[in-house]
Every structure is written in C-alpha cells, then in structure tokens.
Amino acid sequence: MSAVIAGSAARTCHGGGQDTFTALLAGRCGVAPLRHRDRADLKMTSGYHIDGACPAGLLTGCVREAVRQAGLDGRHRIMAIIGTGLGEQGRIEDWALTGRRFPARQLHFGDAIREAVPGVTEVITLSGACSAGGHALALAQDLVEAEEAEAVVVAAVDTMTLSMLAMLGQVVPEPAERIRPFDRNRRGALLGDGAAAQVVVPESWRGHRLGRVVGTGLSCDAHHPTAPDVEGICRSMRDAFDRSGRAPAEVDLVVAHGTGTALNDPAECSALRTVVLGAGGAPLVTAVKGAVGHTSGSAALVGVDVALRCAAEGVVPPVTGLCDVLAEGEGLRFVLRRPARLRPRLVQVDAFGFGGVNAVTLLERA
Amino acid sequence: MTALYATGWSLHLPGVQMAEAFPAARHAWARADAVPPDRAGELLGRKGLLAVDPASRLAMCAVHRALSLPPGLRPTGRVQPRTALIACANFGAADAVTRVARGVAGEQRRRVSVMDIPNVSGNIVGAAVALRFGLGGPNLTVCSGTTAGLDGMRLASLLLRTRRADRVVLVGAEHAGEAAMALPVADPPATPADGAACVVLEAARSDTVRQVLVHRLAADQDWPRPPTFLIGRDGFDLTSRWGGLYGAQGVVALALAAHLAADEGHDGVAVCCDGEDGRRKALVTRAASAGTSADSRSRK
C-alpha cells in the first residue's frame, strides 16, 4: 500500500522549500542571535529564526502553497491532520506574563486550516513533540488508504517558545552556537522556527505527483521522559519496513533526525547500524538541522520536503555543521562538505521526540 | 459505521457525585470516589508522581482504573509494543508553560526546574501515561479542542483497522488550572472542571472480559435505531452537569455510555459532542454476548 504526495511546501529560516534546499546544498547555517533574550533570562544564545513567525500564520501560508501545487479544489473531500510540538504555547506565555486573554480555540489549528482550505471537512490537531509531523503523515496515509478521505492535508508547525528555550538551557553545560549533527564536537540542539505541509492522495490520483509515501512506522519507547531509547527507535524503523513491504537494503538515502545532542545522535546511529546496515543497506545519510535548526514538530515534514527535492533534482545536500563524524557513526555514509549526486529511489526520513515518540517514513519517487 | 469493542472503561471525575445524577444506578460505578490530582498517590502509589502535573495525574488515574489495577500498584514489566495510547487533552502542558515563562520572564524571576522539561512539551499527557503503563505502540496526543475526545476515538479505530495496534488505551483528561480558567471556551460555555476518563478499545471480540460496542457515526448520520439514552446537548448534558471538560469531554461521554450500556441495561446510548470545533457522534451498544453479571470488578 502507498499514497501519492501531490503537493509540498516548507518554511524555515532560509525561506520557502526551494530556498531552504538551495541553502542546504550550499551548506549555509541559518543561525542568529536569539531574539527572546531581550525579555527573558535565558541561557541559550542562538536560534534559527523566521522573521515575524507565528504558528498559525506559517501554517496557513504553507498549506495554501501545498494545496495550490496539488491542484485541490472545492470538488475534493479534504481532511487535515496537523502536527505540532509546542503549538500556540507562546500565546499562553504571553497571557501568563501580560494577562492578555484569548479564546481557547486559538490553541489549536482548526481556524488556521479553514482559512487556507475553506471546504475542509475535519481538522485534527496532534501534539507530538519533535515527531508530530511524522505521526500526522502516518495517519494521513492510513486515512487515504482506508478511503475515509479523498485527500488529506498533512502539515506541521513550531516556533520557539520561552519555556522550551528555558528548559533546553537547563540541560546543556554551555549552549551551542550552532547545531553540529553527528559531530564529535556537537554541543546540543538549538530551536528553529519552521513549518511544512504535504497533500496526500490515493494512488488513483490523476494530477500532479511529487512522490509516494510508502509507509511510516510508529512506536513509543515508554522508556524515559526525554532520553531516546535505541530499542524503541529500532521498533519504529522495523515497523516502517514491515508495513511497506520494503527491505532495509533498498534504502539509498536517510534524512536523519540528527539533533546534535549528546544522546540522540549516537542512539540514531546505533539504530541505523542495527536495522539498515545490519540488513545489508548502505545508504547515504544527510541531516538538515545544522542549517535550519531543530524545527520541533515540523522537523519530519521539513525532512520530507527535502527528500522530495533530492529525488526530483538528483542531488543530496551535505550535513551542514558536520566536520568530524562521531565514533558511533562509523560505517554510515554521511554526506560531508559538498552535495552528493544521487537520485534516490527509496528515502527514509527519521523523527524522534520527547516522550519517546518515534516516526520513520519511507518515501519513493513518483 | 465502524464498531470497536470496549473492554475496559472508567470515569474519574473528582468532586462529582455520580449518584446524584444516577440515583437509580444499580452498580458500584456510580458511587466510585475519584481522588483529585493532589491525592493521586492514593490510587497510583506514591512513587513516580513528584514532577507529574495535574492533567497527567488525572489521566493516569483514569487509565489505572480502566485497566482494573489494584490501588497502589505501579505497573512493571515489559513494554507492550502492540498497545497504543491516545490522549485527548488541550491544556496538558499549560500549567508548566505558565510556571516556566513566569520563572524566566515574569516580574519575580526565579530558578526554573529541570524536572519541567517533559512538562512543557505539548504531548506530556500521552507521554507520561505511556511511560507509566509501558505502552509501546503508537502514541498520540489529540488537542483539537471540543472534538478532541471523539477525534481520538476515530484515530483509535484507524490504528486498530490498520493493525498498528491490537489494543488502544483512549484517555481524555483536563485540569482546571489557571490557564484553563482564564482562556475561555465559547461553545459550550462552562466553568472548567478537573476530569478524566478512559476507554480501552480493541478490534476483536473477547470471550473473557465484559465489553460493549462503540460505533462511530458521521456528524450528519441518523442513529441506526432510536437510542434509549442520549449524552449531549439535547439529553444528559455533561457540561451543564459536571462543568467544562473540553478535550476530555468526548471520552467522558464514551465511558459514561459504556457504564450505562453494561451496567444499567441501556442498549443504545447515543453520544453527541457539539461545540465550537464541530460536531462528532458515536453510539454505544451492548455487545452480542457481553456478560450480564455486570460487576465492574469482574473485568480482568
């Protein structure tokens, strides 16, 4: 079983999806001084900002673009599943600090999606930490395959919040100046503002096709509140292959989660070595967070947008910020320094989040 | 219309005198006391609750009761990879977000606690419940406003039909904290209340436990036959009786319907959730060979 991706859009500190891909190919790091420090005591000093970012606005813009590209209109029965890590918590913070109230319905994204897709039948918002978008994509494919919707808009968004920035400052001895995924000298994650959207339709779709989503594996570690667990991550990877009937050896590109934290990167390497390399796979591995920051709930779908562009253009960006591969990465073929020529057939996109929530998506060319 | 089997359910509504609403109730469910979040240890045991916020405590209490675990028992053992968890909660992280934001940017700044790291993540309720009960299947936290509870039921149905899980623990929980009290739900308007409920859903009938059938209906679909009891605006109105349960409301309605079908002889309890985020409907009926002995303690 599989479904077609008929439209895709992204927003990061570098701009839209194409701008982001261009920046990735050039190895540009979008980090900047953290703007939240002028109003809060924060240990973190840097972040990957989008000017004037607000979650609902980013989401509406992204969804409009993806829907337009797909050619969806009022004739289609459209559902939407939105994933987010922090949602509109920035508004709760604003209320906590200023007393400015707002309606509870603005905490989720029903109104933002109805603005972009007026005929949408249902909007379900999921809070899923840093793999929220991957979970939304899994359910979107399931809904399309079950013929419960003619098209599902799957989208994800996150912007930096004071409370998450404050918490990240608690766990690093010294804040990083930039993200260095999979590097021996990595010093932790930095947040980035971001959003992405895809339109998922059945195989019978006659319109525009960017690629196919062949399956997403889901698991929960149920192991630790914040630390990753290799066994839980392996379960999500195996689930992706089992569900889609593909073999790990078929993967020729991994868009890794790669947060540049002490714990994620070795755990992800270990899982890739066990599940993919252990079954004879030898994919290229890239990661985007060194260039765009950790865009939290939108990270998985930003990764999907990048994967679709790799497949379309036949080129894979290097891991921005990676110079000296960590010991646990031995045997993995990281794309270093310059882009690699490859038109991938099967791409694996990883996303893991707080609460041990894991989503691993397999995509292929249209 | 898609039907699921509910094999466990619970209502956890601190302060609600269930017997006032259901004086003729024949079974213990209507007299069960629900501890408030600060006394959750009486049900869950003392350990592991230190940094757990009220909404997650309420959710844990509901799940503990729906799984028929003895008071004070903390589940141990292997992670269950085929059991999924769907939490329905809109304000789950709001208390921690408020606390931390004021800590770093308020008028009286103070140290923030590293223990709040998981609590500021929007999926804290789903994450905390899965960790405590060892639920290793797909883990979703639905926060789509007034429809969250029945949206969660729809997703549970999807996870079961696509064989992503053999069993789904569906829990709804909201805490009437400072943010929930200050940020109004316009429709249905209500004073927020603490509350949680849980329904355990499976795709196949079980021969060993008591069960009811849960059917999902489209919002504009007619009831397949006249229900004998209606939970909703035009019938037993949860909001006016028990306060604003917001994201938990749909699951509270399903769990109440399960009790009424299994324990009180209703065959066909309609659930209708209307509000600012849309309308969702479900119907709970007795399963063909569901036990009629109906002592809720006999489950598992």
# chains A, B, ... in the order shown; residues from 1 in each chain; ligands from 1

$ residues_around --residues "Arg65 of chain B" --least-positions-apart "3" --cutoff "9 Å" --atoms "only C-alpha atoms" --output "JSON, numbers by chain"
{"B": [8, 9, 10, 11, 12, 43, 60, 61, 62, 68, 69, 70, 71, 198]}

$ residues_around --residues "Gln89 of chain A" --least-positions-apart "5" --cutoff "8 Å" --atoms "only C-alpha atoms" --output "ChimeraX atom specification"
/A:107,161 /B:94,97

$ write_last_selection --atoms "N, CA and C atoms" --output "short mmCIF file (atom, residue, chain, number, x, y, z; two decimals), in the first residue's frame"
data_model
loop_
_atom_site.label_atom_id
_atom_site.label_comp_id
_atom_site.auth_asym_id
_atom_site.auth_seq_id
_atom_site.Cartn_x
_atom_site.Cartn_y
_atom_site.Cartn_z
N LEU A 107 -5.71 27.87 20.52
CA LEU A 107 -4.59 27.00 20.90
C LEU A 107 -4.38 25.86 19.90
N THR A 161 9.50 28.81 21.82
CA THR A 161 8.80 29.37 22.97
C THR A 161 9.80 29.65 24.07
N ALA B 94 -0.18 23.37 29.84
CA ALA B 94 -0.39 24.80 30.12
C ALA B 94 0.14 25.23 31.50
N VAL B 97 3.97 25.46 31.25
CA VAL B 97 4.37 26.58 30.38
C VAL B 97 4.21 27.91 31.14
#

$ interface_residues --of "chain A" --to "chain B" --cutoff "8 Å" --atoms "only C-alpha atoms" --output "PyMOL selection string"
chain A and resi 39-42+84-87+89+92-93+96-97+101-105+107-110+123-129+135+139+142-143+162-164+166-168+170-171+218-226+232+354-357

$ select_by_dssp --residues "segment 183-280 of chain A" --states "alpha helix (DSSP H)" --output "ChimeraX atom specification"
/A:230-244,264-275

$ select_by_dssp --residues "segment 196-278 of chain A" --states "strand (DSSP E)" --output "PyMOL selection string"
chain A and resi 196-201+211-220+253-255

$ closest_residue --among "A:Asn185, A:Thr286, A:Thr361, A:Ser298" --to "Val315 of chain A" --atoms "only C-alpha atoms"
A:Thr286

$ atom_distance --atom1 "atom CA of Gly278 of chain A" --atom2 "atom CA of Leu342 of chain A"
22.2 Å

$ atom_distance --atom1 "atom CA of Pro33 of chain A" --atom2 "atom CA of Arg178 of chain A"
10.3 Å

$ residues_around --residues "Ala257 of chain B" --least-positions-apart "5" --cutoff "10 Å" --atoms "only C-alpha atoms" --output "PDB file with C-alpha atoms, in the first residue's frame"
ATOM      1  CA  TRP B   9     -13.628   1.895  30.887  1.00  0.00           C
ATOM      2  CA  VAL B 212     -19.626  -3.038  24.867  1.00  0.00           C
ATOM      3  CA  VAL B 214     -18.604   1.567  20.269  1.00  0.00           C
ATOM      4  CA  PHE B 229     -30.281   7.394  26.373  1.00  0.00           C
ATOM      5  CA  LEU B 230     -28.636  10.488  24.876  1.00  0.00           C
ATOM      6  CA  ILE B 231     -25.481  12.093  26.225  1.00  0.00           C
ATOM      7  CA  VAL B 251     -14.005  10.265  26.307  1.00  0.00           C
ATOM      8  CA  VAL B 252     -16.027  11.025  29.459  1.00  0.00           C
ATOM      9  CA  ALA B 262     -23.022  -2.532  30.513  1.00  0.00           C
ATOM     10  CA  ASP B 263     -24.381  -1.844  33.992  1.00  0.00           C
ATOM     11  CA  GLU B 264     -27.743  -0.134  33.678  1.00  0.00           C
ATOM     12  CA  HIS B 266     -29.377   0.638  28.208  1.00  0.00           C
ATOM     13  CA  ASP B 267     -28.956  -0.788  24.743  1.00  0.00           C
ATOM     14  CA  GLY B 268     -28.095   2.126  22.552  1.00  0.00           C
ATOM     15  CA  VAL B 269     -26.524   5.097  24.308  1.00  0.00           C
ATOM     16  CA  ALA B 270     -26.039   7.989  21.930  1.00  0.00           C
ATOM     17  CA  VAL B 271     -23.072  10.319  22.352  1.00  0.00           C
ATOM     18  CA  ALA B 282     -20.898   7.883  18.500  1.00  0.00           C
ATOM     19  CA  LEU B 283     -23.227   5.125  19.653  1.00  0.00           C
ATOM     20  CA  VAL B 284     -22.531   2.614  22.412  1.00  0.00           C
ATOM     21  CA  THR B 285     -24.436  -0.663  22.413  1.00  0.00           C
TER      22      THR B 285
END

$ residues_around --residues "Leu284 of chain A" --least-positions-apart "2" --cutoff "7 Å" --atoms "only C-alpha atoms" --output "number ranges by chain"
A: 252-254, 282, 286, 333-335

$ residues_around --residues "segment 288-291 of chain A" --least-positions-apart "3" --cutoff "6 Å" --atoms "only C-alpha atoms" --output "list of chain:residue names"
A:Arg28, A:Cys29, A:Gly30, A:Ile179, A:Arg180, A:His294, A:Thr320, A:Gly321

$ residues_around --residues "Cys310 of chain A" --least-positions-apart "6" --cutoff "12 Å" --atoms "only C-alpha atoms" --output "CSV table (one decimal) with N, CA and C atoms, in the first residue's frame"
chain,number,residue,atom,x,y,z
A,17,GLY,N,10.5,26.2,0.6
A,17,GLY,CA,11.2,24.9,0.4
A,17,GLY,C,12.4,25.0,-0.6
A,18,GLN,N,12.2,25.7,-1.7
A,18,GLN,CA,13.3,25.8,-2.7
A,18,GLN,C,14.5,26.6,-2.1
A,21,PHE,N,16.3,24.4,0.3
A,21,PHE,CA,17.1,23.3,-0.4
A,21,PHE,C,18.4,23.9,-0.9
A,22,THR,N,18.3,25.1,-1.5
A,22,THR,CA,19.5,25.8,-2.0
A,22,THR,C,20.5,26.1,-0.9
A,24,LEU,N,20.7,24.5,1.9
A,24,LEU,CA,21.3,23.2,2.3
A,24,LEU,C,22.4,22.7,1.4
A,25,LEU,N,22.2,22.9,0.1
A,25,LEU,CA,23.2,22.5,-0.9
A,25,LEU,C,24.5,23.3,-0.7
A,210,LEU,N,4.5,14.4,-6.7
A,210,LEU,CA,5.9,14.7,-6.3
A,210,LEU,C,6.6,13.5,-5.9
A,211,GLY,N,5.9,12.5,-5.4
A,211,GLY,CA,6.5,11.3,-4.9
A,211,GLY,C,5.4,10.5,-4.2
A,252,ASP,N,18.3,4.1,-0.2
A,252,ASP,CA,19.5,4.6,-0.6
A,252,ASP,C,19.8,6.0,-0.1
A,253,LEU,N,18.9,6.6,0.7
A,253,LEU,CA,19.1,7.8,1.4
A,253,LEU,C,18.4,7.9,2.7
A,254,VAL,N,19.1,8.3,3.7
A,254,VAL,CA,18.4,8.6,5.0
A,254,VAL,C,18.5,10.1,5.3
A,255,VAL,N,17.3,10.7,5.5
A,255,VAL,CA,17.3,12.1,6.0
A,255,VAL,C,17.1,11.9,7.5
A,284,LEU,N,23.3,6.7,1.7
A,284,LEU,CA,23.8,8.0,2.1
A,284,LEU,C,23.0,8.5,3.3
A,286,THR,N,22.0,12.1,5.3
A,286,THR,CA,22.2,13.5,5.4
A,286,THR,C,21.2,14.0,6.6
A,303,GLY,N,11.8,17.5,6.6
A,303,GLY,CA,12.7,16.4,6.0
A,303,GLY,C,12.0,15.8,4.8
A,304,VAL,N,10.7,15.6,4.8
A,304,VAL,CA,10.0,15.0,3.7
A,304,VAL,C,10.1,16.0,2.5
A,316,VAL,N,21.9,15.4,-3.3
A,316,VAL,CA,21.7,15.3,-1.8
A,316,VAL,C,22.6,16.3,-1.1
A,317,PRO,N,22.0,17.2,-0.3
A,317,PRO,CA,22.8,18.2,0.4
A,317,PRO,C,23.7,17.5,1.5
A,318,PRO,N,24.8,18.2,1.8
A,318,PRO,CA,25.7,17.7,2.9
A,318,PRO,C,25.1,18.0,4.2
A,339,PRO,N,27.6,18.6,-1.8
A,339,PRO,CA,26.5,17.8,-2.2
A,339,PRO,C,26.9,16.5,-2.9
A,340,ALA,N,26.1,15.5,-2.8
A,340,ALA,CA,26.4,14.2,-3.5
A,340,ALA,C,25.4,14.0,-4.6
A,341,ARG,N,25.9,13.5,-5.7
A,341,ARG,CA,25.0,13.2,-6.9
A,341,ARG,C,24.3,11.9,-6.6
A,342,LEU,N,23.0,11.9,-6.5
A,342,LEU,CA,22.2,10.7,-6.3
A,342,LEU,C,20.8,11.0,-6.5
A,343,ARG,N,20.1,10.2,-7.3
A,343,ARG,CA,18.6,10.3,-7.4
A,343,ARG,C,18.0,9.2,-6.7
A,344,PRO,N,17.7,9.4,-5.4
A,344,PRO,CA,17.3,8.3,-4.5
A,344,PRO,C,16.0,7.7,-5.0
A,345,ARG,N,15.9,6.3,-4.8
A,345,ARG,CA,14.7,5.6,-5.1
A,345,ARG,C,13.8,5.5,-3.9
A,346,LEU,N,14.5,5.1,-2.8
A,346,LEU,CA,13.8,4.9,-1.5
A,346,LEU,C,14.5,5.7,-0.4
A,347,VAL,N,13.7,6.7,0.2
A,347,VAL,CA,14.3,7.6,1.2
A,347,VAL,C,13.7,7.3,2.5
A,363,LEU,N,9.8,7.1,1.7
A,363,LEU,CA,9.3,7.8,0.5
A,363,LEU,C,9.9,7.2,-0.7
A,364,GLU,N,9.2,7.3,-1.9
A,364,GLU,CA,9.9,6.9,-3.1
A,364,GLU,C,9.5,7.9,-4.2
A,365,ARG,N,10.2,7.8,-5.3
A,365,ARG,CA,9.9,8.7,-6.4
A,365,ARG,C,8.5,8.4,-7.0

$ atom_distance --atom1 "atom CA of Asp73 of chain A" --atom2 "atom CA of Val144 of chain A"
16.8 Å

$ closest_residue --among "B:Ala193, B:Ala59, B:Arg205, B:Gly72" --to "Val171 of chain B" --atoms "only C-alpha atoms"
B:Ala59

$ residues_around --residues "segment 5-15 of chain A" --least-positions-apart "5" --cutoff "7 Å" --atoms "only C-alpha atoms" --output "MDAnalysis selection string"
chainID A and resid 20 23 30 48:50 62 65:67 69:70 193:201 208:213 292 302 305
